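**Q** I am attaching a structure below and will ask some questions about it afterwards.
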Amino acid sequence: MNFFKKLRVFKPVKVEMLVYYFPLIELNNTGLTVDGASLVKSGKEYRIENKGQLIHRSRIFFKSHFLTSFHFPQPFVVIGDCLTNPDYRGMGIYPKAIRYIASEYIQEKQVFILVSKDNFASIRGIEKAGFNFFVRLKGFRFLGLYFKKQIFCSKN
């Protein structure tokens, strides 16, 4: 790694994320299948694969330095690092997958999803899955710490 890339660690980074929560609702938690392949949990990851091809992946996190720095009480689960294969986008896989995952944890923990305010496709899927907007968090990250933290009740 060159010298200038190492210096980026010392540059404050603006962070702004929308936080969505999954409401405690009655669910009919049936599995998710795409082209004969099912959503399968493996460790902290949920995957749909068909013939070695990744169709969708979502990860779960039981800790979030970002949320705890804004004093979110634990226990909670954060669904994130989601990816849907471009060949399968527009089929409703993402909302169905995150709804299924949230329903697995909602009885024992609050379930959140963090998303960039500019990621309109993910926001649409998150809302379609039944998640509700909670707050917008804004601040600067420097050396793993958050400064000038602000909490807003609107998406904009």
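To be explicit about the labels: the chains of the structure tokens are called A, B, and onward in the order shown, and within each one the residues are counted from 1, while ligands get numbers from 1 in the order they are shown.
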Using the chain letters and numbers from this document, which residues of segment 53-93 of chain A does DSSP assign to strand (DSSP E or B), as a list in words?
**A**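 These are the residues in question: Gln53, Leu54, Ile55, His56, Arg57, Ser58, Arg59, Ile60, Phe61, Phe76, Val77, Val78, Ile79, Gly80, Asp81, Cys82, Leu83 and Thr84 of chain A.
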**Q** Give me, as a tab-separated table, each residue of segment 37-58 of chain A that comes within 10 Å of segment 77-87 of chain A, together with its shortest interatomic pair and the distance in Å at one decimal, counting only C-alpha atoms, with rows ordered by chain and rising residue number.
**A**
```
residue	atom	partner	partner_atom	distance
A:Lys44	CA	A:Ile79	CA	9.8
A:Glu45	CA	A:Ile79	CA	9.5
A:Tyr46	CA	A:Cys82	CA	9.4
A:Arg47	CA	A:Leu83	CA	9.6
A:Ile48	CA	A:Thr84	CA	9.3
A:Gln53	CA	A:Asn85	CA	8.8
A:Leu54	CA	A:Asn85	CA	6.7
A:Ile55	CA	A:Asn85	CA	5.0
A:His56	CA	A:Thr84	CA	4.3
A:Arg57	CA	A:Leu83	CA	5.2
A:Ser58	CA	A:Cys82	CA	4.2
```
**Q** When you count only C-alpha atoms, which of these residues is closest to Ile151 of chain A: A:Ile60, A:Ile101, A:Met17, A:Met91?
**A**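 The closest residue to Ile151 of chain A is A:Met17.
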**Q** As an MDAnalysis selection string, please: every residue in chain A that DSSP puts in helix (DSSP H, G or I).
**A** chainID A and resid 3:10 65:69 86:88 93:105 120:128
**Q** With a distance cut-off of 12 Å and only C-alpha atoms, select the neighbouring residues of Asn119 of chain A, excluding the residue or stretch itself and same-chain residues fewer than 6 positions from it, and output the selection as an MDAnalysis selection string.
**A** chainID A and resid 16:18 125:126
**Q** Show me, as an MDAnalysis selection string, the residues that have an atom within 12 Å of Lys138 of chain A when counting only C-alpha atoms, minus same-chain residues fewer than 4 positions from it.
**A** chainID A and resid 13:19 66:67 69:70 116:117 146:156
**Q** Determine, counting only C-alpha atoms, which protein, DNA and RNA residues have an atom within 10 Å of an atom of Leu24 of chain A; residues of the same chain fewer than 6 positions away are not included. Present the result as number ranges by chain.
**A** A: 102-103, 106-107, 109-111
**Q** Given the choices A:Asn2, A:Thr33, A:Asn50, A:Asn132, which gets closest to Phe112 of chain A if the distance is worked out from only C-alpha atoms?
**A**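 Nearest to Phe112 of chain A: A:Asn132.
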**Q** Could you work out how far atom CA of Ile25 of chain A lies from atom CA of Tyr88 of chain A, giving the answer in Å with one decimal?
**A**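 Taking atom CA of Tyr88 of chain A and atom CA of Ile25 of chain A, their separation equals 28.1 Å.
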**Q** Measuring atom to atom with only C-alpha atoms, identify which of A:Ile123, A:Arg59, A:Leu145, A:Phe134 is nearest to Val40 of chain A.
**A**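 Using only C-alpha atoms, the shortest distance to Val40 of chain A belongs to A:Arg59.
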**Q** At a cut-off of 7 Å, using only C-alpha atoms, what residues contact segment 127-131 of chain A? Leave out same-chain residues fewer than 5 positions from it and give the result as a ChimeraX atom specification.
**A** /A:20-23,95-96,98-99
**Q** Dump N, CA, C and O atoms for the selected residues as a PDB file, in the first residue's frame?
**A**
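Result file follows (result.pdb):
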```pdb
ATOM      1  N   TYR A  20     -33.619   2.122   9.227  1.00  0.00           N
ATOM      2  CA  TYR A  20     -34.958   1.558   9.154  1.00  0.00           C
ATOM      3  C   TYR A  20     -35.079   0.463  10.199  1.00  0.00           C
ATOM      4  O   TYR A  20     -34.093  -0.219  10.502  1.00  0.00           O
ATOM      5  N   TYR A  21     -36.262   0.300  10.757  1.00  0.00           N
ATOM      6  CA  TYR A  21     -36.499  -0.775  11.725  1.00  0.00           C
ATOM      7  C   TYR A  21     -37.624  -1.658  11.218  1.00  0.00           C
ATOM      8  O   TYR A  21     -38.481  -1.237  10.446  1.00  0.00           O
ATOM      9  N   PHE A  22     -37.605  -2.898  11.671  1.00  0.00           N
ATOM     10  CA  PHE A  22     -38.650  -3.850  11.316  1.00  0.00           C
ATOM     11  C   PHE A  22     -39.647  -3.899  12.460  1.00  0.00           C
ATOM     12  O   PHE A  22     -39.277  -4.182  13.598  1.00  0.00           O
ATOM     13  N   PRO A  23     -40.938  -3.645  12.181  1.00  0.00           N
ATOM     14  CA  PRO A  23     -41.928  -3.636  13.264  1.00  0.00           C
ATOM     15  C   PRO A  23     -42.254  -5.049  13.730  1.00  0.00           C
ATOM     16  O   PRO A  23     -42.141  -6.010  12.977  1.00  0.00           O
ATOM     17  N   PRO A  95     -36.416  -7.666  -1.146  1.00  0.00           N
ATOM     18  CA  PRO A  95     -37.397  -7.439  -0.078  1.00  0.00           C
ATOM     19  C   PRO A  95     -37.860  -8.729   0.600  1.00  0.00           C
ATOM     20  O   PRO A  95     -38.028  -8.773   1.819  1.00  0.00           O
ATOM     21  N   LYS A  96     -38.041  -9.788  -0.176  1.00  0.00           N
ATOM     22  CA  LYS A  96     -38.477 -11.052   0.417  1.00  0.00           C
ATOM     23  C   LYS A  96     -37.398 -11.626   1.332  1.00  0.00           C
ATOM     24  O   LYS A  96     -37.698 -12.153   2.410  1.00  0.00           O
ATOM     25  N   ILE A  98     -34.878  -9.976   2.992  1.00  0.00           N
ATOM     26  CA  ILE A  98     -34.665  -9.229   4.235  1.00  0.00           C
ATOM     27  C   ILE A  98     -35.882  -9.328   5.158  1.00  0.00           C
ATOM     28  O   ILE A  98     -35.735  -9.319   6.381  1.00  0.00           O
ATOM     29  N   ARG A  99     -37.063  -9.466   4.590  1.00  0.00           N
ATOM     30  CA  ARG A  99     -38.260  -9.670   5.423  1.00  0.00           C
ATOM     31  C   ARG A  99     -38.170 -11.021   6.135  1.00  0.00           C
ATOM     32  O   ARG A  99     -38.464 -11.134   7.325  1.00  0.00           O
TER      33      ARG A  99
END
```
**Q** Calculated over only C-alpha atoms, which of the candidates A:Ser122, A:Val135, A:Phe3, A:Phe62 has the smallest distance to Ile93 of chain A?
**A**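 Under the stated criterion, the closest residue is A:Ser122.
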**Q** From the list A:Gly43, A:Gly31, A:Pro12, A:Leu137, which residue is nearest Phe61 of chain A when using only C-alpha atoms?
**A**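 Comparing A:Gly43, A:Gly31, A:Pro12, A:Leu137 against Phe61 of chain A, the winner is A:Gly43.
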**Q** With distances taken over only C-alpha atoms, which of A:Glu49, A:Phe10, A:Gln74, A:Asp35 is nearest to Glu108 of chain A?
**A** A:Gln74
**Q** Rounded to one decimal, what separation in Å do you get between atom CA of Lys63 of chain A and atom CA of Ile113 of chain A?
**A**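 Separation of atom CA of Lys63 of chain A and atom CA of Ile113 of chain A: 12.3 Å.
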